[in-house]
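Below is query03.txt, holding compact mmCIF, C-alpha atoms and all ligand atoms.
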```txt
# COMPACT_ATOMS: atom_id res chain seq x y z
CA MET D 1 15.12 -29.53 -39.74
CA ARG D 2 16.69 -26.54 -38.06
CA VAL D 3 18.24 -27.09 -34.61
CA ASP D 4 19.53 -24.20 -32.49
CA VAL D 5 21.45 -24.85 -29.28
CA VAL D 6 22.19 -22.06 -26.79
CA SER D 7 24.90 -22.60 -24.17
CA ILE D 8 27.69 -20.76 -22.33
CA PHE D 9 29.93 -23.66 -23.45
CA PRO D 10 29.21 -23.88 -27.20
CA ASP D 11 32.34 -25.97 -27.80
CA TYR D 12 30.70 -28.72 -25.70
CA LEU D 13 28.44 -29.37 -28.70
CA ALA D 14 31.35 -29.89 -31.13
CA PRO D 15 30.89 -33.71 -31.20
CA LEU D 16 27.64 -33.15 -33.13
CA ARG D 17 29.81 -32.41 -36.15
CA LEU D 18 31.08 -36.00 -36.11
CA SER D 19 29.65 -39.29 -37.40
CA LEU D 20 26.05 -39.66 -38.59
CA VAL D 21 24.73 -36.38 -37.18
CA GLY D 22 27.73 -34.59 -38.67
CA LYS D 23 27.03 -36.15 -42.06
CA ALA D 24 23.36 -35.12 -41.80
CA ILE D 25 24.54 -31.56 -41.16
CA GLU D 26 26.97 -31.67 -44.10
CA THR D 27 24.25 -32.98 -46.44
CA GLY D 28 21.75 -30.40 -45.23
CA LEU D 29 19.30 -32.88 -43.65
CA ILE D 30 19.90 -31.00 -40.40
CA ASP D 31 20.72 -27.30 -40.14
CA LEU D 32 22.55 -26.98 -36.78
CA ALA D 33 23.50 -23.66 -35.20
CA VAL D 34 25.20 -23.47 -31.78
CA HIS D 35 25.11 -20.11 -30.02
CA ASP D 36 27.00 -18.62 -27.07
CA LEU D 37 24.46 -17.17 -24.62
CA ARG D 38 27.00 -14.49 -23.70
CA ASP D 39 26.44 -12.97 -27.17
CA TRP D 40 23.19 -11.63 -25.69
CA THR D 41 24.82 -9.90 -22.71
CA HIS D 42 25.75 -6.19 -22.72
CA ASP D 43 28.11 -5.70 -19.79
CA ARG D 44 31.89 -5.80 -19.84
CA HIS D 45 31.98 -9.13 -17.98
CA ARG D 46 29.28 -10.70 -20.18
CA THR D 47 27.37 -11.71 -17.03
CA VAL D 48 24.81 -14.52 -17.34
CA ASP D 49 24.13 -15.33 -13.67
CA ASP D 50 23.11 -13.71 -10.41
CA THR D 51 22.28 -14.65 -6.82
CA PRO D 52 19.02 -16.55 -6.19
CA TYR D 53 15.96 -14.71 -4.77
CA GLY D 54 15.04 -16.40 -1.51
CA GLY D 55 18.66 -17.23 -0.78
CA GLY D 56 20.38 -20.59 -1.16
CA ALA D 57 23.67 -21.80 -2.54
CA GLY D 58 24.91 -21.16 -6.05
CA MET D 59 23.82 -18.78 -8.79
CA VAL D 60 20.82 -18.66 -11.13
CA MET D 61 20.97 -17.83 -14.85
CA ARG D 62 19.55 -14.35 -15.52
CA PRO D 63 16.39 -14.18 -17.69
CA GLU D 64 17.43 -11.21 -19.87
CA PRO D 65 20.08 -12.92 -22.04
CA TRP D 66 17.80 -15.93 -22.56
CA GLY D 67 14.86 -13.70 -23.44
CA GLU D 68 16.89 -11.75 -26.00
CA ALA D 69 18.36 -14.94 -27.46
CA LEU D 70 14.91 -16.47 -27.95
CA ASP D 71 13.59 -13.19 -29.41
CA ASP D 72 16.34 -13.33 -32.04
CA LEU D 73 16.21 -17.06 -32.73
CA VAL D 74 12.41 -17.40 -32.75
CA PRO D 75 10.81 -14.36 -34.41
CA ALA D 76 7.10 -13.82 -33.70
CA GLY D 77 4.93 -16.24 -35.62
CA THR D 78 7.65 -18.90 -35.97
CA ASP D 79 6.55 -22.51 -35.38
CA ALA D 80 9.25 -23.78 -33.02
CA ARG D 81 9.62 -26.13 -30.08
CA LEU D 82 11.83 -25.09 -27.17
CA LEU D 83 13.48 -27.78 -25.04
CA ILE D 84 14.85 -26.64 -21.71
CA MET D 85 17.18 -29.23 -20.17
CA THR D 86 16.63 -29.72 -16.42
CA PRO D 87 16.80 -32.62 -13.95
CA SER D 88 13.23 -31.70 -12.96
CA GLY D 89 11.98 -32.13 -16.52
CA ARG D 90 9.72 -34.73 -18.13
CA PRO D 91 11.67 -37.94 -18.83
CA PHE D 92 13.07 -38.00 -22.34
CA ASP D 93 12.12 -41.19 -24.17
CA GLN D 94 11.88 -42.71 -27.64
CA ARG D 95 8.36 -41.38 -28.08
CA LEU D 96 9.54 -37.80 -27.54
CA ALA D 97 12.54 -38.47 -29.81
CA ALA D 98 10.13 -39.49 -32.58
CA GLU D 99 8.02 -36.37 -32.00
CA LEU D 100 11.09 -34.12 -32.21
CA ALA D 101 12.30 -35.82 -35.40
CA ALA D 102 9.14 -34.52 -37.08
CA GLU D 103 9.52 -30.91 -35.90
CA PRO D 104 10.59 -28.20 -38.38
CA ARG D 105 12.48 -26.25 -35.70
CA VAL D 106 13.88 -27.21 -32.31
CA ILE D 107 15.69 -24.83 -29.97
CA ILE D 108 17.58 -26.36 -27.03
CA ALA D 109 18.42 -24.25 -23.98
CA CYS D 110 21.39 -25.60 -22.02
CA GLY D 111 21.48 -24.09 -18.55
CA ARG D 112 24.27 -24.14 -16.00
CA TYR D 113 24.70 -23.07 -12.36
CA GLU D 114 21.49 -23.83 -10.37
CA GLY D 115 19.37 -23.51 -13.49
CA ILE D 116 17.61 -20.87 -15.60
CA ASP D 117 15.25 -18.25 -14.07
CA ALA D 118 11.81 -19.93 -14.22
CA ARG D 119 10.28 -16.92 -16.01
CA VAL D 120 12.22 -17.80 -19.19
CA ALA D 121 10.13 -20.96 -19.71
CA GLU D 122 6.97 -19.17 -18.58
CA HIS D 123 7.42 -16.29 -21.02
CA ALA D 124 8.54 -18.51 -23.92
CA ALA D 125 5.39 -20.63 -23.48
CA THR D 126 3.28 -17.58 -24.41
CA ARG D 127 4.55 -17.85 -28.00
CA MET D 128 6.05 -21.31 -28.60
CA ARG D 129 5.75 -24.91 -27.41
CA VAL D 130 8.03 -25.46 -24.41
CA ASP D 131 9.14 -28.78 -22.90
CA GLU D 132 11.32 -28.97 -19.80
CA VAL D 133 13.13 -32.29 -20.33
CA SER D 134 15.42 -34.60 -18.33
CA ILE D 135 17.53 -37.44 -19.73
CA GLY D 136 17.55 -39.39 -16.47
CA ASP D 137 17.33 -39.50 -12.70
CA TYR D 138 20.85 -38.28 -11.95
CA VAL D 139 22.32 -34.78 -11.72
CA LEU D 140 24.68 -33.30 -14.30
CA ASN D 141 26.49 -29.94 -14.07
CA GLY D 142 24.57 -28.47 -16.99
CA GLY D 143 22.36 -29.19 -19.95
CA GLU D 144 24.97 -29.66 -22.70
CA ALA D 145 25.52 -33.42 -22.25
CA ALA D 146 21.75 -33.88 -22.24
CA ALA D 147 21.48 -31.86 -25.46
CA LEU D 148 24.03 -34.15 -27.15
CA VAL D 149 21.99 -37.21 -26.12
CA ILE D 150 18.66 -35.78 -27.22
CA ILE D 151 19.92 -34.47 -30.56
CA GLU D 152 21.51 -37.82 -31.42
CA ALA D 153 18.34 -39.69 -30.38
CA PHE D 154 15.99 -37.66 -32.60
CA ALA D 155 18.41 -36.90 -35.47
CA ARG D 156 18.88 -40.62 -36.21
CA LEU D 157 15.11 -40.94 -36.72
CA ILE D 158 15.05 -38.28 -39.46
CA PRO D 159 14.59 -40.02 -42.84
CA GLY D 160 17.90 -40.26 -44.68
CA VAL D 161 20.15 -39.89 -41.62
CA ILE D 162 20.52 -43.63 -41.00
CA GLY D 163 21.56 -45.51 -44.16
CA ASN D 164 19.33 -48.53 -43.54
CA PRO D 165 15.99 -47.49 -41.95
CA GLU D 166 15.20 -51.17 -41.34
CA SER D 167 17.81 -51.15 -38.56
CA LEU D 168 15.58 -48.71 -36.64
CA ALA D 169 12.69 -51.16 -36.61
CA GLU D 170 14.04 -53.70 -34.09
CA GLU D 171 15.79 -51.40 -31.66
CA SER D 172 15.17 -51.31 -27.96
CA HIS D 173 12.30 -48.99 -27.03
CA SER D 174 11.16 -48.60 -30.64
CA ALA D 175 7.39 -48.68 -31.05
CA ASP D 176 7.76 -51.34 -33.78
CA HIS D 177 9.48 -53.61 -31.27
CA ASP D 178 6.66 -53.71 -28.67
CA GLN D 179 8.85 -51.63 -26.32
CA LEU D 180 11.08 -54.68 -25.76
CA LEU D 181 14.80 -54.43 -25.15
CA GLU D 182 17.04 -55.46 -28.02
CA TYR D 183 18.07 -59.12 -28.33
CA PRO D 184 21.80 -60.02 -27.98
CA VAL D 185 23.84 -59.79 -31.20
CA TYR D 186 26.82 -61.82 -32.45
CA THR D 187 29.28 -61.80 -35.36
CA LYS D 188 32.29 -63.82 -36.53
CA PRO D 189 34.15 -65.81 -35.29
CA ALA D 190 31.62 -68.57 -34.46
CA ALA D 191 33.82 -69.60 -31.51
CA TRP D 192 35.71 -67.06 -29.42
CA ARG D 193 37.65 -67.79 -26.22
CA GLY D 194 35.62 -70.96 -25.77
CA LEU D 195 32.29 -69.15 -26.26
CA GLU D 196 30.06 -70.31 -29.09
CA VAL D 197 27.52 -68.30 -31.08
CA PRO D 198 24.01 -69.73 -30.38
CA GLU D 199 23.47 -72.59 -32.86
CA VAL D 200 20.13 -71.27 -34.11
CA LEU D 201 21.83 -68.17 -35.52
CA LEU D 202 24.01 -70.37 -37.73
CA SER D 203 21.03 -72.47 -38.92
CA GLY D 204 19.87 -70.17 -41.70
CA HIS D 205 16.29 -70.94 -40.55
CA HIS D 206 14.81 -67.42 -40.48
CA GLY D 207 11.61 -68.45 -38.69
CA ARG D 208 13.53 -70.04 -35.84
CA ILE D 209 15.97 -67.14 -35.71
CA THR D 210 13.13 -64.61 -35.47
CA ALA D 211 11.44 -66.64 -32.73
CA TRP D 212 14.72 -67.05 -30.78
CA ARG D 213 15.43 -63.31 -30.98
CA HIS D 214 11.94 -62.44 -29.72
CA GLU D 215 12.31 -64.90 -26.83
CA ARG D 216 15.65 -63.38 -25.86
CA ALA D 217 14.18 -59.85 -26.08
CA VAL D 218 11.25 -60.79 -23.82
CA GLU D 219 13.58 -62.63 -21.38
CA LEU D 220 15.97 -59.66 -21.21
CA THR D 221 13.12 -57.17 -20.78
CA ARG D 222 11.51 -59.28 -18.06
CA ARG D 223 14.81 -59.43 -16.18
CA ARG D 224 16.04 -55.84 -16.60
CA ARG D 225 12.97 -53.72 -17.35
CA PRO D 226 9.78 -55.64 -16.36
CA GLU D 227 7.83 -52.39 -16.36
CA LEU D 228 8.17 -52.28 -20.15
CA LEU D 229 6.36 -55.60 -20.53
CA PRO D 230 2.59 -55.82 -20.94
CA ASP D 231 1.05 -57.10 -17.66
CA ALA D 232 0.37 -60.55 -19.13
CA GLU D 233 4.08 -61.06 -19.92
CA ARG D 234 5.43 -60.16 -16.49
CA THR D 235 6.40 -62.99 -14.17
CA ASP D 236 5.76 -62.75 -10.44
CA GLU D 237 8.22 -65.33 -9.25
CA LEU D 238 11.74 -64.12 -8.60
CA GLU D 239 13.92 -65.38 -11.41
CA VAL D 240 17.32 -66.50 -10.23
CA ARG D 241 19.49 -65.92 -13.29
CA PRO D 242 23.04 -64.82 -13.92
CA ALA D 243 23.20 -61.04 -13.67
CA VAL D 244 24.18 -60.67 -17.31
C1 LIG D 301 23.77 -29.31 -10.33
N1 LIG D 301 22.96 -28.09 -10.40
C2 LIG D 301 22.17 -27.87 -9.18
C3 LIG D 301 20.95 -28.78 -9.10
C4 LIG D 301 20.10 -28.64 -10.35
C5 LIG D 301 20.96 -28.89 -11.58
C6 LIG D 301 22.15 -27.98 -11.62
C7 LIG D 301 23.01 -28.28 -12.84
N2 LIG D 301 22.28 -27.94 -14.05
C8 LIG D 301 22.12 -26.67 -14.49
C9 LIG D 301 21.38 -26.70 -15.66
C10 LIG D 301 21.09 -28.06 -15.96
C11 LIG D 301 20.38 -28.71 -16.97
C12 LIG D 301 20.21 -30.09 -16.93
C13 LIG D 301 20.77 -30.82 -15.87
C14 LIG D 301 20.51 -32.29 -15.78
N3 LIG D 301 20.97 -33.02 -14.75
N4 LIG D 301 20.53 -34.28 -14.88
C15 LIG D 301 19.77 -34.40 -15.98
N5 LIG D 301 19.14 -35.57 -16.41
C16 LIG D 301 19.74 -33.14 -16.59
C17 LIG D 301 19.06 -32.90 -17.81
N6 LIG D 301 18.50 -32.76 -18.82
C18 LIG D 301 21.51 -30.18 -14.87
C19 LIG D 301 21.66 -28.81 -14.91
```

I need this file expressed as structure tokens, please.
Ligand SMILES: CN1CCCC[C@@H]1Cn1ccc2ccc(-c3n[nH]c(N)c3C#N)cc21
Amino acid sequence: MRVDVVSIFPDYLAPLRLSLVGKAIETGLIDLAVHDLRDWTHDRHRTVDDTPYGGGAGMVMRPEPWGEALDDLVPAGTDARLLIMTPSGRPFDQRLAAELAAEPRVIIACGRYEGIDARVAEHAATRMRVDEVSIGDYVLNGGEAAALVIIEAFARLIPGVIGNPESLAEESHSADHDQLLEYPVYTKPAAWRGLEVPEVLLSGHHGRITAWRHERAVELTRRRRPELLPDAERTDELEVRPAV
């Protein structure tokens, strides 16, 4: 998979060269290129922003550099998917991560200031698939942090990136796990600061362990994310439980 990221702060994406994503890049599973948007400006000050039509605070990112960048990165006839990071975008989730993991090419536009001129997305959509995406209901200063999150989320789903693909099966929000949150995990020592590992996990009885883990996943999901449960599994009464 080829991933292109365009930003006025390309160094912000340096962490992608670390850990599992970095190894996937080294081994060629992912071909990552990070570009400085200012490389597509032509004035002495390498200007990427201007005042907003209609007035208002802040500056808006000019369409010309973005248009030229996308012309260069996505030649006519290329099958590519453009992600534009924005707090007003569709919520990013595991389903979209799985879709992106199967794409041959993904280009990620990281805006700054008050955002990117709306005509960039409109024009790009005439020749490629465009998704305006948000990683959550809070406001960041730009799209770079969101790009790091999204790239890690889909890169780890690419076959070969994670050593043991079985570990993907039981994760929170994975389709294989009925959209339940992940059960609590433990390791040695069996007793730590007076806290014991649940006995069932030391029993070696795999059937009981599987059942206990599912119960904990349902209980956790019901308490923290009831909207993820199928209607039949939701409880109406208020559960008074420790806020753990
Ligand atoms: C603050 N400033 C004026 C209000 C509008 C946003 C702007 C900053 N900003 C500019 C480009 C840009 C892209 C993504 C995000 C972003 N925020 N929260 C998310 N979940 C995001 C995503 N994904 C913020 C961005």

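Separating atom CA of Leu140 of chain D from atom CA of Val3 of chain D is a distance of 22.2 Å.
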
Next item on the list: Measure the distance from atom CA of Pro198 of chain D to atom CA of Trp212 of chain D in Å and round it to one decimal.
Entry: 9.7 Å

Let me have the centre and edge lengths in Å, one decimal, of the box along x, y and z around every listed atom of ligand LIG 301 (chain D) with 6 Å of margin on each side, as JSON.
```
{"center_x": 21.1, "center_y": -31.1, "center_z": -14.0, "size_x": 17.3, "size_y": 20.9, "size_z": 21.7}
```

Nearby residues (all atoms listed in the file) at most 12 Å from Leu16 of chain D, same-chain spacing under 5 positions excluded, as an mmCIF file with C-alpha atoms, keeping the file's coordinate frame:
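Final output, around-v5.cif:
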```cif
data_model
loop_
_atom_site.group_PDB
_atom_site.id
_atom_site.type_symbol
_atom_site.label_atom_id
_atom_site.label_comp_id
_atom_site.auth_asym_id
_atom_site.auth_seq_id
_atom_site.Cartn_x
_atom_site.Cartn_y
_atom_site.Cartn_z
ATOM 1 C CA VAL D 3 18.240 -27.090 -34.610
ATOM 2 C CA VAL D 5 21.450 -24.850 -29.280
ATOM 3 C CA PRO D 10 29.210 -23.880 -27.200
ATOM 4 C CA ASP D 11 32.340 -25.970 -27.800
ATOM 5 C CA VAL D 21 24.730 -36.380 -37.180
ATOM 6 C CA GLY D 22 27.730 -34.590 -38.670
ATOM 7 C CA LYS D 23 27.030 -36.150 -42.060
ATOM 8 C CA ALA D 24 23.360 -35.120 -41.800
ATOM 9 C CA ILE D 25 24.540 -31.560 -41.160
ATOM 10 C CA GLU D 26 26.970 -31.670 -44.100
ATOM 11 C CA ILE D 30 19.900 -31.000 -40.400
ATOM 12 C CA ASP D 31 20.720 -27.300 -40.140
ATOM 13 C CA LEU D 32 22.550 -26.980 -36.780
ATOM 14 C CA ALA D 33 23.500 -23.660 -35.200
ATOM 15 C CA VAL D 34 25.200 -23.470 -31.780
ATOM 16 C CA GLU D 144 24.970 -29.660 -22.700
ATOM 17 C CA ALA D 145 25.520 -33.420 -22.250
ATOM 18 C CA ALA D 147 21.480 -31.860 -25.460
ATOM 19 C CA LEU D 148 24.030 -34.150 -27.150
ATOM 20 C CA VAL D 149 21.990 -37.210 -26.120
ATOM 21 C CA ILE D 150 18.660 -35.780 -27.220
ATOM 22 C CA ILE D 151 19.920 -34.470 -30.560
ATOM 23 C CA GLU D 152 21.510 -37.820 -31.420
ATOM 24 C CA ALA D 153 18.340 -39.690 -30.380
ATOM 25 C CA ALA D 155 18.410 -36.900 -35.470
ATOM 26 C CA ARG D 156 18.880 -40.620 -36.210
#
```

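Excluding Leu96 of chain D itself and any same-chain residue fewer than 2 positions from it, the protein and nucleic acid residues within 12 Å of it, counting only C-alpha atoms, are Arg81, Leu83, Arg90, Pro91, Phe92, Asp93, Gln94, Ala98, Glu99, Leu100, Ala101, Ala102, Glu103, Asp131, Glu132, Val133, Ser134, Ile135, Ile150, Ile151, Ala153, Phe154, Ala155, Leu157, His173, Ser174 and Ala175 of chain D.
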
Interface rows for chain D against ligand LIG 301 (chain D): nearest pair, Å to one decimal, 7 Å, only C-alpha atoms and all ligand atoms, as a Markdown table:
```
| residue | atom | partner | partner_atom | distance |
| --- | --- | --- | --- | --- |
| D:Met85 | CA | D:LIG301 | N6 | 4.0 |
| D:Thr86 | CA | D:LIG301 | C12 | 3.6 |
| D:Pro87 | CA | D:LIG301 | C16 | 4.0 |
| D:Gly89 | CA | D:LIG301 | N6 | 6.9 |
| D:Cys110 | CA | D:LIG301 | C11 | 6.0 |
| D:Gly111 | CA | D:LIG301 | C9 | 3.9 |
| D:Arg112 | CA | D:LIG301 | C8 | 3.6 |
| D:Tyr113 | CA | D:LIG301 | C8 | 4.9 |
| D:Glu114 | CA | D:LIG301 | C2 | 4.3 |
| D:Gly115 | CA | D:LIG301 | C8 | 4.3 |
| D:Ile116 | CA | D:LIG301 | C9 | 6.9 |
| D:Val133 | CA | D:LIG301 | N6 | 5.6 |
| D:Ser134 | CA | D:LIG301 | N6 | 3.6 |
| D:Ile135 | CA | D:LIG301 | N5 | 4.1 |
| D:Gly136 | CA | D:LIG301 | N5 | 4.1 |
| D:Asp137 | CA | D:LIG301 | N5 | 5.7 |
| D:Tyr138 | CA | D:LIG301 | N4 | 5.0 |
| D:Val139 | CA | D:LIG301 | N4 | 3.7 |
| D:Leu140 | CA | D:LIG301 | N3 | 3.7 |
| D:Asn141 | CA | D:LIG301 | C7 | 4.0 |
| D:Gly142 | CA | D:LIG301 | C19 | 3.6 |
| D:Gly143 | CA | D:LIG301 | C11 | 3.6 |
| D:Ala146 | CA | D:LIG301 | N6 | 4.8 |
```

Notebook entry, point to check: atom CA of Ala121 of chain D and atom CA of Val6 of chain D are how many Å apart?
Noted result: 14.0 Å

Item checked: Contacts of Trp66 of chain D within 9 Å, all atoms listed in the file, excl. fewer than 5 positions in-chain, as a ChimeraX atom specification -> /D:6,37,40,48,61,71,109,116,120

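Within a radius of 8 Å around (28.1, -14.1, -23.7), the polymer residues are Ile8, Asp36, Leu37, Arg38, Asp39, Trp40, Thr41, Arg46, Thr47 and Val48 of chain D, counting only C-alpha atoms.
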
Can you spit out the residues from that selection as a PDB file, in the frame of the given file, using C-alpha atoms?
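Writing done, so here's result_18.pdb:
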```
ATOM      1  CA  ILE D   8      27.690 -20.760 -22.330  1.00  0.00           C
ATOM      2  CA  ASP D  36      27.000 -18.620 -27.070  1.00  0.00           C
ATOM      3  CA  LEU D  37      24.460 -17.170 -24.620  1.00  0.00           C
ATOM      4  CA  ARG D  38      27.000 -14.490 -23.700  1.00  0.00           C
ATOM      5  CA  ASP D  39      26.440 -12.970 -27.170  1.00  0.00           C
ATOM      6  CA  TRP D  40      23.190 -11.630 -25.690  1.00  0.00           C
ATOM      7  CA  THR D  41      24.820  -9.900 -22.710  1.00  0.00           C
ATOM      8  CA  ARG D  46      29.280 -10.700 -20.180  1.00  0.00           C
ATOM      9  CA  THR D  47      27.370 -11.710 -17.030  1.00  0.00           C
ATOM     10  CA  VAL D  48      24.810 -14.520 -17.340  1.00  0.00           C
TER      11      VAL D  48
END
```

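Using all atoms listed in the file for every distance, the candidate list D:Pro65, D:Ile158, D:Phe9, D:Ala97 yields D:Pro65 as the residue closest to Asp43 of chain D.
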